[in-house]
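Enquirer: Supplied in structure tokens, the structure appears directly below.
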Amino acid sequence: MFRVTTTLATTLILAGCTTLGQPYVAPSVDANARYGAAQAGGAKSVTATTMWWRAFNDSQLNALIEAGLKQNLTIARAVERVIEARETAAAEGIGLPTGSASGSAAGSSAGGDVELTRSASTTLNWEIDLFGGLAKRREAAQASIDAATEEANMARLTLIGDIATAYVEAQGYQDRIHIARTTLESQNQTTALTRKQNEVGVVTRLDVTQLAGDVASTAASIPALEISLNESIHRLGVLLGQQPSALKSMFATTTQIPRLSGSVQAGIPSDLMRDRPDIRQAERTLAEAAADIGVAQADLYPSLTLAGNLSVSSATTWSLGPTLSLPIFNRGALKATVRLEESDAEQAYLAYRETVLEAVEEIENALVGFSKQQARRSELAESYTSYTEATDIADDLYRAGDTTLLDLLTAQRSLYTARDSLAQSSVAVATQYIILCKATGGGWNISGATTAESRS
């Protein structure tokens, strides 16, 4: 008894002066760092709580995103992983006493007398957190829950961007189909006029066949656009957790490509620590890995368990006392485990740094892309205006017999190309805006987004 007591006393003394692992401090980004793009200045205008898609002033898009956040299957799976992490931590019961109870009853008969015998027993085991190992396990479990929560938040952010992108692309394909059909109608009218002129010898058969080639070329572009339109609609259906073709009726009539009514200020890189779920998740994964080092280090020290037993039958017996375990013969393996956890933590730190750098890269690219696409669209709008005027003039001159069919065809082709390019550029501007808002971590923390995760 003296030796056990002495060892126990020494253990308690060690527990008072031993700290497991280094105190965890979350990494940070230099508050003075700035983005390279010139237009990045100003306070951050899109945050985790900003419903940036409302800048399109499109009620259909707003409704789709709202429905998607409730119905998307990827988010539902991510939420279940949060619940799984919470229940796993609860099931482990870190630091709580464990035990069991049992009882029995038996009867016997002798000479007509019945004798009933009862017995019951209870056992209890409680690990004492001498060196903070259990505290580190709880810390690691909470960090795991936090990481799963941020994964769900990232799923929301990705979903919002995907819905907005698919919707804008679908509207773009609709507009381009409308442009092609309008152009085709105009070409057919010109063809009818040209055939009449050919009949009276004003134009040659070559003019008619050239125009017929343009008509066929324009008509051939429509099926490819219709394929892309249907793919975008089908993507939206799946993103909303529905059948791929469920939203076809929404696009039965042609609408304009959503246009923006605002701009974006990206702020500074340190803002990403607050708003980017993937960075938040990487930080929580790092915190879990750091706590796991402490868990492994705790195994290098003695562990103390209080064990008790109570048995009641014909006689009542009980026992209660400490059990001390000393890691002596497997110390080499335990040290290797510590080094392994340290390596895992270093990998988690490197992954965190990479996640931050990639996030900054996304914003830098998005800032440039958004600015340049806006400038390109402005030039294309001027080009479209000029070609519209030129085509009107060429059409009037051709009908009056004052210019050749080749001049008219050239003007029509240029106008069609300008209109189609302008539509594609409008989609590109909207898409770059979506990419930029997503890169800044905007919109995933709107009201009611985490309701499912809080269920018991």
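To be explicit about the labels: the chains of the structure tokens are called A, B, and onward in the order shown, and within each one the residues are counted from 1, while ligands get numbers from 1 in the order they are shown.
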So which bits of segment 193-441 of chain A end up strand (DSSP E) when you DSSP the backbone, as a ChimeraX atom specification?
Expert: /A:303-312,316-325
Enquirer: So that I can check the surroundings of segment 363-366 of chain A, please list as a VMD selection string every protein, DNA and RNA residue that reaches within 7 Å of it, counting only C-alpha atoms and ignoring chain neighbours fewer than 5 positions away.
Expert: chain A and resid 35 to 37 432 435 to 436 439 to 440
Enquirer: Residues as selected, N, CA and C atoms, written as a PDB file, in the first residue's frame, can you do that?
Expert:
```pdb
ATOM      1  N   TYR A  35      -5.064  43.169 -51.598  1.00  0.00           N
ATOM      2  CA  TYR A  35      -5.134  42.498 -52.891  1.00  0.00           C
ATOM      3  C   TYR A  35      -4.398  43.325 -53.932  1.00  0.00           C
ATOM      4  N   GLY A  36      -3.884  42.652 -54.961  1.00  0.00           N
ATOM      5  CA  GLY A  36      -3.123  43.337 -55.988  1.00  0.00           C
ATOM      6  C   GLY A  36      -3.996  44.146 -56.934  1.00  0.00           C
ATOM      7  N   ALA A  37      -5.247  43.710 -57.130  1.00  0.00           N
ATOM      8  CA  ALA A  37      -6.130  44.414 -58.063  1.00  0.00           C
ATOM      9  C   ALA A  37      -6.432  45.820 -57.564  1.00  0.00           C
ATOM     10  N   GLN A 432     -18.914  36.356 -63.529  1.00  0.00           N
ATOM     11  CA  GLN A 432     -17.753  36.861 -62.793  1.00  0.00           C
ATOM     12  C   GLN A 432     -18.176  37.511 -61.473  1.00  0.00           C
ATOM     13  N   ILE A 435     -18.800  34.611 -59.172  1.00  0.00           N
ATOM     14  CA  ILE A 435     -17.513  34.042 -58.742  1.00  0.00           C
ATOM     15  C   ILE A 435     -16.867  34.923 -57.671  1.00  0.00           C
ATOM     16  N   LEU A 436     -16.929  36.247 -57.864  1.00  0.00           N
ATOM     17  CA  LEU A 436     -16.325  37.166 -56.906  1.00  0.00           C
ATOM     18  C   LEU A 436     -17.038  37.113 -55.562  1.00  0.00           C
ATOM     19  N   ALA A 439     -16.171  33.921 -53.901  1.00  0.00           N
ATOM     20  CA  ALA A 439     -14.781  33.937 -53.434  1.00  0.00           C
ATOM     21  C   ALA A 439     -14.628  34.721 -52.133  1.00  0.00           C
ATOM     22  N   THR A 440     -15.449  35.754 -51.964  1.00  0.00           N
ATOM     23  CA  THR A 440     -15.374  36.531 -50.722  1.00  0.00           C
ATOM     24  C   THR A 440     -16.101  35.852 -49.572  1.00  0.00           C
TER      25      THR A 440
END
```
Enquirer: For Gly294 of chain A, which of A:Val338, A:Asn330, A:Ser261, A:Tyr352 is the closest residue, counting only C-alpha atoms?
Expert: A:Val338
Enquirer: So which one's closest to Ile179 of chain A, A:Val202, A:Ala298, A:Ala423, A:Ile434? Using only C-alpha atoms, please.
Expert: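 The closest residue to Ile179 of chain A is A:Ala423.
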Enquirer: Provide the atom CA of Ser371 of chain A to atom CA of Val429 of chain A distance in Å, to one decimal place.
Expert: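 So the two atoms, atom CA of Ser371 of chain A and atom CA of Val429 of chain A, lie 8.5 Å apart.
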Enquirer: Quick one: residues within 12 Å of Arg205 of chain A, only C-alpha atoms counted, chain neighbours fewer than 6 positions away excluded, as a count of residues only?
Expert: 10
Enquirer: Report as a count of residues only all protein, DNA and RNA residues lying within 8 Å of segment 125-129 of chain A, evaluated on only C-alpha atoms, omitting residues in the same chain fewer than 6 positions from it.
Expert: 12
Enquirer: DSSP on the backbone: which residues in segment 108-315 of chain A end up as helix (DSSP H, G or I)? Give the answer as an MDAnalysis selection string.
Expert: chainID A and resid 133:199 205:239 248:251 269:275 277:298
Enquirer: Using only C-alpha atoms, I'd like a table of the residues in segment 167-224 of chain A that come within 9 Å of segment 384-404 of chain A; for each, show the closest atom pair and its distance in Å rounded to one decimal, ordered by chain and ascending number, as JSON lines.
Expert:
```
{"residue": "A:Thr190", "atom": "CA", "partner": "A:Asp395", "partner_atom": "CA", "distance": 8.7}
{"residue": "A:Leu193", "atom": "CA", "partner": "A:Arg399", "partner_atom": "CA", "distance": 8.3}
{"residue": "A:Val202", "atom": "CA", "partner": "A:Gly401", "partner_atom": "CA", "distance": 8.8}
{"residue": "A:Val203", "atom": "CA", "partner": "A:Thr404", "partner_atom": "CA", "distance": 8.8}
```
Enquirer: Residues near Met273 of chain A, anyone? I mean within 10 Å using only C-alpha atoms, not counting same-chain ones fewer than 2 positions away, as a PyMOL selection string.
Expert: chain A and resi 27-29+269-271+275-280+283+356+441
Enquirer: Can you work out which one of A:Gly132, A:Gly241, A:Pro258, A:Pro302 has the shortest atom-to-atom distance to Ile328 of chain A, counting only C-alpha atoms?
Expert: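 Closest to Ile328 of chain A of all the choices is A:Pro302.
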Enquirer: For Gln256 of chain A, which of A:Asp162, A:Glu169, A:Glu150, A:Glu288 is the closest residue, counting only C-alpha atoms?
Expert: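 For Gln256 of chain A, the nearest of the candidates is A:Glu169.
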Enquirer: Counting only C-alpha atoms, which residue out of A:Ala78, A:Ala67, A:Leu272, A:Leu408 sits closest to Leu236 of chain A?
Expert: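 Comparing A:Ala78, A:Ala67, A:Leu272, A:Leu408 against Leu236 of chain A, the winner is A:Ala67.
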Enquirer: My list of candidates is A:Ala141, A:Gln60, A:Gln373, A:Phe329. Which is closest to Ala91 of chain A when distances are computed with only C-alpha atoms?
Expert: A:Ala141
Enquirer: Mind checking which residues fall within 8 Å of Tyr301 of chain A, counting only C-alpha atoms, ignoring those fewer than 3 positions away in the same chain, and posting them as a PyMOL selection string?
Expert: chain A and resi 131+297-298+326-327
Enquirer: Please save C-alpha atoms of the selected residues as a PDB file, in the first residue's frame.
Expert:
```pdb
ATOM      1  CA  PHE A 131      -2.564  15.413 -17.187  1.00  0.00           C
ATOM      2  CA  GLN A 297       1.240  12.928 -25.092  1.00  0.00           C
ATOM      3  CA  ALA A 298      -1.119  12.081 -22.240  1.00  0.00           C
ATOM      4  CA  LEU A 326       2.079   2.997 -15.972  1.00  0.00           C
ATOM      5  CA  PRO A 327       3.159   3.083 -19.656  1.00  0.00           C
TER       6      PRO A 327
END
```
